[in-house]
$ cat query_7.tsv   # TSV, C-alpha atoms and all ligand atoms
chain	number	residue	atom	x	y	z
X	238	MET	CA	-170.62	-55.27	-43.41
X	239	SER	CA	-167.57	-57.52	-43.78
X	240	ALA	CA	-164.21	-56.24	-42.57
X	241	VAL	CA	-162.84	-56.13	-46.13
X	242	ASP	CA	-165.87	-54.21	-47.47
X	243	LEU	CA	-165.70	-51.82	-44.54
X	244	PHE	CA	-161.99	-51.30	-45.17
X	245	THR	CA	-162.47	-50.63	-48.88
X	246	THR	CA	-165.37	-48.24	-48.32
X	247	THR	CA	-163.59	-46.37	-45.53
X	248	TYR	CA	-160.07	-46.05	-46.90
X	249	SER	CA	-160.80	-46.17	-50.67
X	250	ARG	CA	-158.21	-48.88	-51.28
X	251	SER	CA	-157.84	-52.62	-50.70
X	252	PRO	CA	-156.41	-54.06	-47.49
X	253	GLU	CA	-153.09	-55.93	-47.55
X	254	GLY	CA	-154.79	-58.81	-45.81
X	255	SER	CA	-157.47	-59.87	-43.40
X	256	TYR	CA	-157.19	-61.93	-40.25
X	257	SER	CA	-159.66	-63.58	-37.94
X	258	ALA	CA	-159.71	-64.67	-34.29
X	259	PRO	CA	-162.42	-66.40	-32.27
X	260	GLY	CA	-164.18	-65.94	-28.96
X	261	ARG	CA	-163.94	-68.83	-26.55
X	262	VAL	CA	-165.93	-71.01	-24.21
X	263	ASN	CA	-164.23	-72.71	-21.30
X	264	LEU	CA	-165.27	-76.36	-21.06
X	265	ILE	CA	-163.88	-76.70	-17.53
X	266	GLY	CA	-161.12	-75.24	-15.33
X	267	GLU	CA	-162.67	-72.01	-14.06
X	268	HIS	CA	-160.95	-69.38	-11.95
X	269	THR	CA	-157.74	-71.39	-11.91
X	270	ASP	CA	-155.72	-69.57	-14.59
X	271	TYR	CA	-154.35	-66.92	-12.23
X	272	SER	CA	-153.35	-69.60	-9.70
X	273	GLY	CA	-151.05	-71.56	-12.00
X	274	GLY	CA	-153.87	-74.04	-12.67
X	275	LEU	CA	-155.23	-76.05	-15.58
X	276	VAL	CA	-157.88	-74.80	-17.98
X	277	LEU	CA	-159.63	-76.47	-20.91
X	278	PRO	CA	-161.20	-73.87	-23.22
X	279	PHE	CA	-162.05	-74.09	-26.91
X	280	ALA	CA	-162.50	-71.51	-29.65
X	281	ILE	CA	-166.05	-70.92	-30.88
X	282	ASP	CA	-167.26	-70.19	-34.38
X	283	ALA	CA	-168.12	-66.55	-33.54
X	284	ARG	CA	-165.10	-64.54	-34.69
X	285	ALA	CA	-163.61	-61.07	-35.01
X	286	THR	CA	-162.24	-60.25	-38.48
X	287	LEU	CA	-159.79	-57.44	-39.11
X	288	ALA	CA	-158.81	-56.04	-42.51
X	289	VAL	CA	-155.48	-54.25	-42.39
X	290	ALA	CA	-152.94	-52.26	-44.40
X	291	ARG	CA	-149.91	-50.23	-43.42
X	292	ASN	CA	-149.91	-46.44	-43.88
X	293	ASP	CA	-147.02	-43.99	-44.12
X	294	ASP	CA	-148.59	-41.46	-41.79
X	295	ASN	CA	-147.50	-42.97	-38.47
X	296	VAL	CA	-151.07	-43.15	-37.28
X	297	ILE	CA	-153.43	-45.96	-36.32
X	298	ARG	CA	-156.86	-45.51	-37.92
X	299	VAL	CA	-159.74	-47.67	-36.72
X	300	VAL	CA	-163.32	-48.28	-37.78
X	301	SER	CA	-165.73	-50.94	-36.61
X	302	ALA	CA	-168.77	-52.42	-38.34
X	303	GLN	CA	-170.47	-52.61	-34.93
X	304	ARG	CA	-169.76	-48.97	-33.96
X	305	PRO	CA	-170.75	-46.79	-36.89
X	306	GLY	CA	-169.08	-43.41	-36.81
X	307	PRO	CA	-166.15	-41.53	-38.29
X	308	VAL	CA	-162.67	-43.05	-38.54
X	309	GLN	CA	-160.74	-42.60	-35.29
X	310	THR	CA	-157.11	-41.63	-35.69
X	311	PHE	CA	-154.33	-42.04	-33.12
X	312	SER	CA	-150.68	-41.10	-33.48
X	313	THR	CA	-148.47	-44.14	-32.86
X	314	GLN	CA	-146.39	-41.96	-30.48
X	315	GLU	CA	-149.40	-41.14	-28.35
X	316	ILE	CA	-150.71	-44.62	-27.63
X	317	HIS	CA	-150.27	-45.27	-23.95
X	318	PRO	CA	-152.13	-46.93	-21.07
X	319	GLY	CA	-154.28	-44.50	-19.16
X	320	SER	CA	-155.16	-42.49	-22.29
X	321	ALA	CA	-158.86	-41.81	-22.83
X	322	ALA	CA	-158.86	-44.14	-25.85
X	323	ALA	CA	-157.74	-47.09	-23.71
X	324	GLN	CA	-161.18	-47.14	-22.10
X	325	THR	CA	-163.09	-47.26	-25.41
X	326	TRP	CA	-163.57	-50.14	-27.86
X	327	ALA	CA	-160.51	-48.89	-29.77
X	328	GLY	CA	-158.43	-49.66	-26.66
X	329	TYR	CA	-158.33	-53.37	-27.47
X	330	LEU	CA	-156.76	-52.67	-30.87
X	331	LEU	CA	-154.46	-49.90	-29.68
X	332	GLY	CA	-153.37	-51.99	-26.68
X	333	SER	CA	-152.15	-54.78	-28.93
X	334	VAL	CA	-150.15	-52.35	-31.06
X	335	TRP	CA	-148.77	-50.77	-27.88
X	336	ALA	CA	-147.66	-54.16	-26.49
X	337	LEU	CA	-145.88	-55.08	-29.73
X	338	ARG	CA	-144.14	-51.72	-29.92
X	339	ARG	CA	-143.09	-51.86	-26.28
X	340	ALA	CA	-141.39	-55.17	-26.97
X	341	GLY	CA	-139.32	-53.44	-29.65
X	342	HIS	CA	-141.30	-54.60	-32.69
X	343	ALA	CA	-141.22	-51.92	-35.37
X	344	ILE	CA	-144.96	-51.47	-35.88
X	345	GLY	CA	-145.66	-48.37	-37.97
X	346	GLY	CA	-148.88	-46.75	-39.14
X	347	LEU	CA	-151.90	-48.99	-39.72
X	348	ASP	CA	-155.36	-48.64	-41.23
X	349	LEU	CA	-157.72	-51.12	-39.57
X	350	ALA	CA	-161.34	-52.18	-40.17
X	351	LEU	CA	-162.95	-54.49	-37.63
X	352	ASP	CA	-166.02	-56.69	-37.91
X	353	SER	CA	-166.57	-58.65	-34.69
X	354	GLN	CA	-169.33	-61.23	-34.55
X	355	VAL	CA	-168.41	-62.26	-30.99
X	356	PRO	CA	-171.21	-60.94	-28.79
X	357	SER	CA	-169.85	-58.61	-26.13
X	358	GLY	CA	-170.83	-58.94	-22.47
X	359	ALA	CA	-171.79	-62.59	-22.96
X	360	GLY	CA	-168.67	-64.00	-21.30
X	361	LEU	CA	-167.41	-65.27	-24.66
X	362	SER	CA	-164.20	-63.20	-24.69
X	363	SER	CA	-165.04	-60.69	-27.37
X	364	SER	CA	-162.15	-58.54	-26.13
X	365	ALA	CA	-159.60	-61.37	-26.39
X	366	ALA	CA	-160.78	-62.00	-29.97
X	367	VAL	CA	-160.13	-58.37	-30.93
X	368	GLU	CA	-156.76	-58.30	-29.17
X	369	SER	CA	-155.55	-61.55	-30.77
X	370	VAL	CA	-156.64	-60.60	-34.26
X	371	THR	CA	-154.98	-57.19	-33.95
X	372	THR	CA	-151.72	-58.61	-32.58
X	373	LEU	CA	-151.57	-61.21	-35.35
X	374	ALA	CA	-152.50	-58.78	-38.13
X	375	ALA	CA	-150.25	-55.91	-37.00
X	376	GLY	CA	-147.30	-58.29	-36.75
X	377	ALA	CA	-147.99	-60.05	-40.05
X	378	VAL	CA	-148.18	-56.94	-42.25
X	379	HIS	CA	-144.85	-55.84	-40.79
X	380	GLY	CA	-143.27	-59.20	-41.60
X	381	ILE	CA	-143.13	-60.27	-37.95
X	382	HIS	CA	-143.96	-63.91	-37.49
X	383	LEU	CA	-145.49	-64.52	-34.07
X	384	THR	CA	-146.22	-67.96	-32.64
X	385	PRO	CA	-149.73	-68.45	-31.21
X	386	MET	CA	-148.28	-68.22	-27.68
X	387	GLU	CA	-146.60	-64.91	-28.56
X	388	VAL	CA	-149.87	-63.59	-29.97
X	389	ALA	CA	-151.52	-64.64	-26.70
X	390	ARG	CA	-148.85	-62.97	-24.58
X	391	PHE	CA	-149.00	-59.56	-26.29
X	392	SER	CA	-152.80	-59.70	-26.33
X	393	LEU	CA	-152.84	-60.41	-22.59
X	394	GLN	CA	-150.52	-57.46	-21.99
X	395	ALA	CA	-152.98	-55.30	-23.94
X	396	GLU	CA	-155.82	-56.42	-21.67
X	397	ASN	CA	-153.93	-56.30	-18.34
X	398	GLU	CA	-151.72	-53.29	-18.81
X	399	PHE	CA	-153.36	-51.15	-21.47
X	400	VAL	CA	-157.08	-51.66	-20.93
X	401	GLY	CA	-156.40	-52.39	-17.26
X	402	VAL	CA	-158.46	-55.54	-16.67
X	403	PRO	CA	-156.73	-57.95	-14.25
X	404	CYS	CA	-157.72	-61.19	-16.04
X	405	GLY	CA	-155.66	-64.37	-16.26
X	406	PRO	CA	-154.12	-65.76	-19.46
X	407	MET	CA	-156.87	-68.20	-20.52
X	408	ASP	CA	-158.95	-66.18	-22.97
X	409	GLN	CA	-156.18	-64.73	-25.12
X	410	THR	CA	-154.44	-68.12	-25.22
X	411	ALA	CA	-157.61	-69.90	-26.33
X	412	SER	CA	-158.27	-67.30	-29.02
X	413	ALA	CA	-154.70	-67.50	-30.33
X	414	ALA	CA	-153.84	-71.19	-29.96
X	415	ALA	CA	-157.01	-73.30	-30.17
X	416	THR	CA	-157.64	-75.64	-33.09
X	417	ALA	CA	-160.87	-76.93	-34.62
X	418	GLY	CA	-162.24	-80.19	-33.23
X	419	ALA	CA	-160.27	-79.90	-30.00
X	420	VAL	CA	-160.16	-78.41	-26.53
X	421	LEU	CA	-156.98	-76.65	-25.50
X	422	LEU	CA	-155.34	-78.02	-22.37
X	423	PHE	CA	-153.46	-75.00	-21.06
X	424	ASP	CA	-151.18	-75.55	-18.09
X	425	THR	CA	-150.85	-71.97	-16.88
X	426	ARG	CA	-147.97	-72.82	-14.51
X	427	ALA	CA	-145.84	-74.47	-17.18
X	428	GLY	CA	-147.05	-72.10	-19.92
X	429	THR	CA	-147.68	-75.05	-22.24
X	430	VAL	CA	-150.67	-75.96	-24.39
X	431	GLU	CA	-151.88	-79.18	-25.94
X	432	ASN	CA	-154.87	-79.72	-28.20
X	433	ILE	CA	-157.02	-82.65	-27.08
X	434	PRO	CA	-159.48	-83.92	-29.71
X	435	PHE	CA	-163.07	-83.23	-28.68
X	436	ASP	CA	-165.92	-84.23	-30.96
X	437	PRO	CA	-169.22	-84.31	-29.05
X	438	ALA	CA	-171.20	-84.85	-32.28
X	439	ALA	CA	-169.49	-88.21	-32.80
X	440	HIS	CA	-171.03	-89.23	-29.47
X	441	GLY	CA	-174.49	-87.89	-30.29
X	442	LEU	CA	-173.94	-84.86	-28.06
X	443	SER	CA	-174.19	-81.12	-28.62
X	444	LEU	CA	-172.74	-78.10	-26.84
X	445	LEU	CA	-175.26	-75.40	-26.11
X	446	VAL	CA	-174.14	-72.03	-24.79
X	447	ILE	CA	-176.80	-69.91	-23.13
X	448	ASP	CA	-176.12	-66.21	-22.72
X	449	THR	CA	-178.06	-65.10	-19.62
X	450	ARG	CA	-177.86	-61.49	-20.86
X	451	VAL	CA	-176.66	-60.46	-17.44
X	452	ALA	CA	-173.74	-58.22	-18.29
X	453	HIS	CA	-170.72	-59.37	-16.37
X	454	SER	CA	-167.88	-57.00	-15.74
X	455	LEU	CA	-164.47	-58.14	-14.62
X	456	ALA	CA	-163.71	-54.59	-13.64
X	457	ASP	CA	-166.33	-54.46	-10.91
X	458	GLY	CA	-163.97	-55.63	-8.20
X	459	GLU	CA	-165.24	-59.13	-7.36
X	460	TYR	CA	-162.83	-60.76	-9.81
X	461	ALA	CA	-159.90	-58.81	-8.36
X	462	ARG	CA	-161.07	-59.79	-4.86
X	463	ARG	CA	-161.01	-63.50	-5.78
X	464	ARG	CA	-157.48	-63.09	-7.10
X	465	ALA	CA	-156.45	-61.33	-3.91
X	466	SER	CA	-157.96	-64.14	-1.79
X	467	CYS	CA	-155.92	-66.71	-3.70
X	468	GLU	CA	-152.75	-64.68	-3.17
X	469	LYS	CA	-153.48	-64.34	0.53
X	470	ALA	CA	-154.05	-68.11	0.82
X	471	VAL	CA	-150.75	-68.76	-0.99
X	472	ASP	CA	-148.95	-66.61	1.61
X	473	ILE	CA	-150.61	-68.22	4.61
X	474	ILE	CA	-150.14	-71.81	3.41
X	475	GLY	CA	-146.58	-71.08	2.30
X	476	VAL	CA	-146.68	-72.33	-1.30
X	477	THR	CA	-145.68	-70.62	-4.55
X	478	SER	CA	-149.10	-71.04	-6.13
X	479	LEU	CA	-152.37	-72.83	-5.35
X	480	ARG	CA	-151.51	-75.26	-8.14
X	481	GLU	CA	-149.20	-76.99	-5.69
X	482	ILE	CA	-152.14	-78.04	-3.56
X	483	THR	CA	-153.54	-81.31	-4.84
X	484	VAL	CA	-156.80	-82.77	-3.58
X	485	GLU	CA	-154.78	-85.24	-1.48
X	486	GLU	CA	-152.91	-82.41	0.23
X	487	LEU	CA	-156.00	-80.26	0.59
X	488	PRO	CA	-156.97	-81.22	4.19
X	489	VAL	CA	-153.52	-80.29	5.52
X	490	ALA	CA	-153.44	-77.02	3.57
X	491	LEU	CA	-156.93	-76.08	4.73
X	492	ASP	CA	-155.98	-76.78	8.35
X	493	ARG	CA	-153.24	-74.23	8.02
X	494	LEU	CA	-155.58	-71.58	6.60
X	495	GLY	CA	-157.99	-71.40	9.51
X	496	ASP	CA	-160.33	-69.06	7.62
X	497	GLU	CA	-163.76	-70.11	6.43
X	498	ILE	CA	-163.92	-68.07	3.23
X	499	LEU	CA	-160.34	-68.75	2.15
X	500	THR	CA	-160.98	-72.45	2.84
X	501	ARG	CA	-163.79	-72.50	0.30
X	502	ARG	CA	-161.81	-70.54	-2.29
X	503	VAL	CA	-158.82	-72.88	-2.06
X	504	ARG	CA	-161.03	-75.97	-2.07
X	505	HIS	CA	-162.55	-74.77	-5.34
X	506	VAL	CA	-159.19	-74.26	-7.03
X	507	ALA	CA	-157.73	-77.62	-5.95
X	508	THR	CA	-160.83	-79.64	-6.84
X	509	GLU	CA	-161.25	-77.76	-10.13
X	510	ASN	CA	-157.70	-78.61	-11.21
X	511	GLN	CA	-158.51	-82.27	-10.46
X	512	ARG	CA	-161.71	-82.04	-12.51
X	513	VAL	CA	-159.72	-80.76	-15.50
X	514	THR	CA	-157.31	-83.68	-15.18
X	515	ASP	CA	-160.24	-86.11	-14.92
X	516	THR	CA	-161.91	-84.55	-17.97
X	517	VAL	CA	-158.71	-84.84	-20.02
X	518	ASP	CA	-158.28	-88.49	-18.95
X	519	LEU	CA	-161.82	-89.23	-20.11
X	520	LEU	CA	-161.30	-87.47	-23.44
X	521	ARG	CA	-158.05	-89.33	-24.02
X	522	SER	CA	-159.80	-92.63	-23.38
X	523	GLY	CA	-162.47	-91.70	-25.95
X	524	THR	CA	-165.27	-91.23	-23.41
X	525	ILE	CA	-167.38	-88.08	-23.26
X	526	GLY	CA	-170.57	-88.89	-21.33
X	527	PRO	CA	-169.09	-88.89	-17.78
X	528	ILE	CA	-167.68	-85.42	-18.40
X	529	GLY	CA	-171.22	-84.15	-17.83
X	530	GLU	CA	-171.04	-84.89	-14.13
X	531	LEU	CA	-167.69	-83.09	-13.83
X	532	LEU	CA	-169.16	-80.00	-15.49
X	533	THR	CA	-172.02	-79.92	-13.02
X	534	GLU	CA	-169.67	-80.46	-10.05
X	535	SER	CA	-167.60	-77.56	-11.34
X	536	HIS	CA	-170.67	-75.35	-11.34
X	537	ARG	CA	-171.61	-76.30	-7.77
X	538	SER	CA	-168.07	-75.51	-6.66
X	539	LEU	CA	-168.20	-72.10	-8.37
X	540	GLN	CA	-171.66	-71.49	-6.93
X	541	TYR	CA	-171.02	-72.43	-3.30
X	542	ASP	CA	-167.25	-72.40	-2.73
X	543	TYR	CA	-165.94	-69.72	-5.09
X	544	GLU	CA	-169.21	-67.72	-5.08
X	545	VAL	CA	-168.99	-66.26	-8.57
X	546	SER	CA	-172.36	-67.42	-9.88
X	547	CYS	CA	-175.66	-65.50	-9.89
X	548	PRO	CA	-179.37	-66.45	-9.87
X	549	GLU	CA	-179.65	-66.39	-13.68
X	550	LEU	CA	-176.63	-68.69	-14.16
X	551	ASP	CA	-177.94	-71.08	-11.49
X	552	LEU	CA	-181.41	-71.14	-13.03
X	553	ALA	CA	-179.98	-71.85	-16.49
X	554	VAL	CA	-177.84	-74.71	-15.14
X	555	ASP	CA	-180.64	-76.26	-13.06
X	556	THR	CA	-183.15	-76.00	-15.91
X	557	CYS	CA	-180.73	-77.52	-18.46
X	558	LEU	CA	-180.15	-80.48	-16.13
X	559	ALA	CA	-183.86	-80.96	-15.41
X	560	ALA	CA	-184.61	-80.86	-19.16
X	561	GLY	CA	-182.11	-83.57	-20.12
X	562	ALA	CA	-178.59	-82.05	-20.26
X	563	ILE	CA	-175.96	-84.48	-19.00
X	564	GLY	CA	-173.94	-81.65	-17.50
X	565	ALA	CA	-174.00	-77.85	-17.27
X	566	ARG	CA	-171.97	-75.07	-15.72
X	567	MET	CA	-171.30	-71.36	-15.84
X	568	THR	CA	-168.36	-70.56	-18.11
X	569	GLY	CA	-165.99	-67.60	-17.88
X	570	GLY	CA	-165.60	-65.11	-15.06
X	571	GLY	CA	-169.16	-65.45	-13.71
X	572	PHE	CA	-171.56	-62.91	-12.12
X	573	GLY	CA	-173.44	-63.14	-15.44
X	574	GLY	CA	-172.38	-64.16	-18.91
X	575	SER	CA	-173.01	-67.65	-20.22
X	576	VAL	CA	-173.68	-71.26	-19.26
X	577	ILE	CA	-172.41	-74.23	-21.25
X	578	ALA	CA	-174.43	-77.44	-21.37
X	579	LEU	CA	-173.60	-80.86	-22.80
X	580	ILE	CA	-176.80	-82.27	-24.21
X	581	PRO	CA	-177.88	-85.40	-26.14
X	582	SER	CA	-178.43	-83.86	-29.59
X	583	PRO	CA	-182.14	-84.81	-29.93
X	584	LEU	CA	-182.88	-82.92	-26.69
X	585	VAL	CA	-181.27	-79.59	-27.60
X	586	GLY	CA	-184.54	-77.91	-28.67
X	587	GLN	CA	-186.32	-79.08	-25.55
X	588	VAL	CA	-183.53	-77.86	-23.25
X	589	ALA	CA	-183.37	-74.46	-24.94
X	590	ARG	CA	-187.16	-74.02	-24.74
X	591	SER	CA	-187.20	-75.00	-21.06
X	592	VAL	CA	-184.56	-72.39	-20.23
X	593	MET	CA	-186.46	-69.69	-22.14
X	594	ALA	CA	-189.66	-70.60	-20.28
X	595	ALA	CA	-187.96	-70.68	-16.87
X	596	PHE	CA	-186.42	-67.25	-17.44
X	597	GLU	CA	-189.79	-65.85	-18.42
X	598	THR	CA	-191.42	-67.30	-15.31
X	599	HIS	CA	-188.74	-65.69	-13.13
X	600	GLY	CA	-189.07	-62.34	-14.90
X	601	PHE	CA	-185.47	-62.52	-16.17
X	602	ALA	CA	-184.37	-61.05	-19.53
X	603	GLU	CA	-184.76	-63.40	-22.51
X	604	PRO	CA	-181.63	-65.59	-22.70
X	605	VAL	CA	-179.85	-66.32	-25.99
X	606	PRO	CA	-179.03	-69.99	-26.70
X	607	ARG	CA	-176.40	-70.88	-29.35
X	608	LEU	CA	-174.91	-74.16	-30.49
X	609	VAL	CA	-171.12	-73.99	-30.53
X	610	ASN	CA	-168.41	-76.15	-32.06
X	611	PRO	CA	-164.70	-76.23	-31.21
X	612	SER	CA	-163.15	-74.02	-33.92
X	613	ASP	CA	-159.81	-72.68	-35.12
X	614	GLY	CA	-157.75	-70.10	-33.30
X	615	ALA	CA	-156.46	-66.87	-34.86
X	616	HIS	CA	-155.34	-67.10	-38.49
X	617	LYS	CA	-155.02	-65.26	-41.78
X	618	VAL	CA	-158.15	-65.28	-43.92
X	619	ASN	CA	-157.49	-66.55	-47.42
X	620	HIS	CA	-159.60	-64.82	-50.01
X	621	GLU	CA	-160.42	-66.50	-53.30
X	701	LIG	C1	-162.35	-64.47	-17.15
X	701	LIG	C2	-160.86	-64.15	-17.26
X	701	LIG	C3	-160.02	-65.42	-17.39
X	701	LIG	C4	-160.39	-66.43	-16.32
X	701	LIG	C5	-161.89	-66.60	-16.22
X	701	LIG	C6	-162.31	-67.49	-15.08
X	701	LIG	O1	-162.80	-65.00	-18.35
X	701	LIG	O2	-160.62	-63.32	-18.38
X	701	LIG	O3	-158.66	-65.12	-17.36
X	701	LIG	O4	-159.85	-66.08	-15.08
X	701	LIG	O5	-162.56	-65.36	-16.08
X	701	LIG	O6	-161.89	-68.78	-15.29

$ encode --input "query_7.tsv" --output "structure tokens"
Amino acid sequence: MSAVDLFTTTYSRSPEGSYSAPGRVNLIGEHTDYSGGLVLPFAIDARATLAVARNDDNVIRVVSAQRPGPVQTFSTQEIHPGSAAAQTWAGYLLGSVWALRRAGHAIGGLDLALDSQVPSGAGLSSSAAVESVTTLAAGAVHGIHLTPMEVARFSLQAENEFVGVPCGPMDQTASAAATAGAVLLFDTRAGTVENIPFDPAAHGLSLLVIDTRVAHSLADGEYARRRASCEKAVDIIGVTSLREITVEELPVALDRLGDEILTRRVRHVATENQRVTDTVDLLRSGTIGPIGELLTESHRSLQYDYEVSCPELDLAVDTCLAAGAIGARMTGGGFGGSVIALIPSPLVGQVARSVMAAFETHGFAEPVPRLVNPSDGAHKVNHE
């Protein structure tokens, strides 16, 4: 059911408006966003839509098309991190309201109806989509104009501080600030974004995302451990962030580390930042093909140096490449989730079939392939 229909059925009135925000895929620049690095995500056409109206009861009411059940009601005074609700699906919506209110924005009662078409657990940032759409919608109906970067910031606070997941700023920023037909170059050290036109179709190429169906969880500790390793390396090398270490300076920095595992982690971050720069240079010069090789190098670095891949992701990447993809890599946090592959358009069917067959042979769950296109970030939905 659409968000507007769900709203009308649930609350017996019309919403004041409806808003929509996308999930994201990261083209390249993985596990660099919490080290001041460069990332290059884009919004996908799977979106979360939220119908919203203010109420005079000082409560937040939420319903979701994906979680049938009675309306859940929360007093605006009682929304706080650590509450039981923060650990449920409603936490993403409540967290955004909490972050806005904490910043002094006068957000009152709200009736909300959510319809999210972003698959959860697929590494496509379904949570960031819900946070961005809630931040945007809650602000808008209270007459608060938020820039895309402000939407991203409050949404990130919801995720980090309310839900309690220690992620970096990439996903919320992509969901809030991306534009159609472009990848978003996000310099996480400078806090700046730039949309770089990206039109694979014009080059006869398609972007296929393959959900391995291995549920990834950022909360399981490995993600936090990678972050901690980067912070430890920063201390030992004596820099402010790993972003300062360019590939030219890498040998000297690694000498100073004197630790095998930290060496590999830092090598990933420095080379990955360079791969983002190289990808952007290629896009700016109107070339797309050679990006394929950079995507595959990124995967190998995540697989062997950063060690955040898993057998299903590796099999999907290797099979895509063997079946004709010009590049493929895991995308997102890793340990499951999705792979992105850049494929000559006539070969898409063949690549997808090969991956399905390989997964069956290995006894893995049936993967879900989807074609994706760089889409718009969060915005108001205009109804006819
Ligand atoms: C997850 C996090 C992001 C980012 C990626 C890895 O998606 O939410 O902040 O760290 O992992 O690039």

$ residues_near_ligand --input "query_7.tsv" --ligand "ligand LIG 701 (chain X)" --cutoff "9 Å" --atoms "only C-alpha atoms and all ligand atoms" --output "list of chain:residue names"
X:Val262, X:Asn263, X:Ile265, X:Gly266, X:Glu267, X:His268, X:Thr269, X:Asp270, X:Tyr271, X:Val276, X:Gly360, X:Leu361, X:Ser362, X:Ala365, X:Val402, X:Pro403, X:Cys404, X:Gly405, X:Pro406, X:Met407, X:Asp408, X:Gln409, X:Leu455, X:Tyr460, X:Arg464, X:Thr568, X:Gly569, X:Gly570, X:Gly571

$ write_last_selection --input "query_7.tsv" --atoms "C-alpha atoms" --output "compact mmCIF listing (two decimals), in the coordinates of the input"
# COMPACT_ATOMS: atom_id res chain seq x y z
CA VAL X 262 -165.93 -71.01 -24.21
CA ASN X 263 -164.23 -72.71 -21.30
CA ILE X 265 -163.88 -76.70 -17.53
CA GLY X 266 -161.12 -75.24 -15.33
CA GLU X 267 -162.67 -72.01 -14.06
CA HIS X 268 -160.95 -69.38 -11.95
CA THR X 269 -157.74 -71.39 -11.91
CA ASP X 270 -155.72 -69.57 -14.59
CA TYR X 271 -154.35 -66.92 -12.23
CA VAL X 276 -157.88 -74.80 -17.98
CA GLY X 360 -168.67 -64.00 -21.30
CA LEU X 361 -167.41 -65.27 -24.66
CA SER X 362 -164.20 -63.20 -24.69
CA ALA X 365 -159.60 -61.37 -26.39
CA VAL X 402 -158.46 -55.54 -16.67
CA PRO X 403 -156.73 -57.95 -14.25
CA CYS X 404 -157.72 -61.19 -16.04
CA GLY X 405 -155.66 -64.37 -16.26
CA PRO X 406 -154.12 -65.76 -19.46
CA MET X 407 -156.87 -68.20 -20.52
CA ASP X 408 -158.95 -66.18 -22.97
CA GLN X 409 -156.18 -64.73 -25.12
CA LEU X 455 -164.47 -58.14 -14.62
CA TYR X 460 -162.83 -60.76 -9.81
CA ARG X 464 -157.48 -63.09 -7.10
CA THR X 568 -168.36 -70.56 -18.11
CA GLY X 569 -165.99 -67.60 -17.88
CA GLY X 570 -165.60 -65.11 -15.06
CA GLY X 571 -169.16 -65.45 -13.71

$ closest_residue --input "query_7.tsv" --among "X:Gly306, X:Pro278, X:Gly345, X:Gly600" --to "Arg291 (chain X)" --atoms "all atoms listed in the file"
X:Gly345

$ residues_around --input "query_7.tsv" --residues "Ile498 (chain X)" --least-positions-apart "3" --cutoff "12 Å" --atoms "only C-alpha atoms" --output "short mmCIF file (atom, residue, chain, number, x, y, z; two decimals) with C-alpha atoms, in the coordinates of the input"
data_model
loop_
_atom_site.label_atom_id
_atom_site.label_comp_id
_atom_site.auth_asym_id
_atom_site.auth_seq_id
_atom_site.Cartn_x
_atom_site.Cartn_y
_atom_site.Cartn_z
CA ARG X 462 -161.07 -59.79 -4.86
CA ARG X 463 -161.01 -63.50 -5.78
CA SER X 466 -157.96 -64.14 -1.79
CA CYS X 467 -155.92 -66.71 -3.70
CA LYS X 469 -153.48 -64.34 0.53
CA ALA X 470 -154.05 -68.11 0.82
CA LEU X 491 -156.93 -76.08 4.73
CA LEU X 494 -155.58 -71.58 6.60
CA GLY X 495 -157.99 -71.40 9.51
CA ARG X 501 -163.79 -72.50 0.30
CA ARG X 502 -161.81 -70.54 -2.29
CA VAL X 503 -158.82 -72.88 -2.06
CA ARG X 504 -161.03 -75.97 -2.07
CA HIS X 505 -162.55 -74.77 -5.34
CA TYR X 541 -171.02 -72.43 -3.30
CA ASP X 542 -167.25 -72.40 -2.73
CA TYR X 543 -165.94 -69.72 -5.09
CA GLU X 544 -169.21 -67.72 -5.08
#

$ residues_near_point --input "query_7.tsv" --point "(-147.0, -69.2, -33.5)" --cutoff "10 Å" --atoms "only C-alpha atoms" --output "list in words"
Leu373, His382, Leu383, Thr384, Pro385, Met386, Glu387, Val388, Ala389, Ala413, Ala414, Ala615 and His616 of chain X

$ closest_residue --input "query_7.tsv" --among "X:Val296, X:Leu349, X:Ala465, X:Ala415" --to "Ala258 (chain X)" --atoms "only C-alpha atoms"
X:Ala415

$ atom_distance --input "query_7.tsv" --atom1 "CA of Gly523 (chain X)" --atom2 "CA of Thr416 (chain X)"
18.2 Å

$ residues_near_point --input "query_7.tsv" --point "(-158.0, -81.2, -18.2)" --cutoff "7 Å" --atoms "only C-alpha atoms" --output "PDB file with C-alpha atoms, keeping the file's coordinate frame"
ATOM      1  CA  LEU X 275    -155.230 -76.050 -15.580  1.00  0.00           C
ATOM      2  CA  VAL X 276    -157.880 -74.800 -17.980  1.00  0.00           C
ATOM      3  CA  LEU X 277    -159.630 -76.470 -20.910  1.00  0.00           C
ATOM      4  CA  LEU X 422    -155.340 -78.020 -22.370  1.00  0.00           C
ATOM      5  CA  ARG X 512    -161.710 -82.040 -12.510  1.00  0.00           C
ATOM      6  CA  VAL X 513    -159.720 -80.760 -15.500  1.00  0.00           C
ATOM      7  CA  THR X 514    -157.310 -83.680 -15.180  1.00  0.00           C
ATOM      8  CA  ASP X 515    -160.240 -86.110 -14.920  1.00  0.00           C
ATOM      9  CA  THR X 516    -161.910 -84.550 -17.970  1.00  0.00           C
ATOM     10  CA  VAL X 517    -158.710 -84.840 -20.020  1.00  0.00           C
TER      11      VAL X 517
END

$ closest_residue --input "query_7.tsv" --among "X:Arg450, X:Phe435, X:Val506, X:His536" --to "Leu519 (chain X)" --atoms "all atoms listed in the file"
X:Phe435

$ closest_residue --input "query_7.tsv" --among "X:Phe596, X:Trp326, X:Tyr248, X:Phe311" --to "Ala350 (chain X)" --atoms "all atoms listed in the file"
X:Tyr248
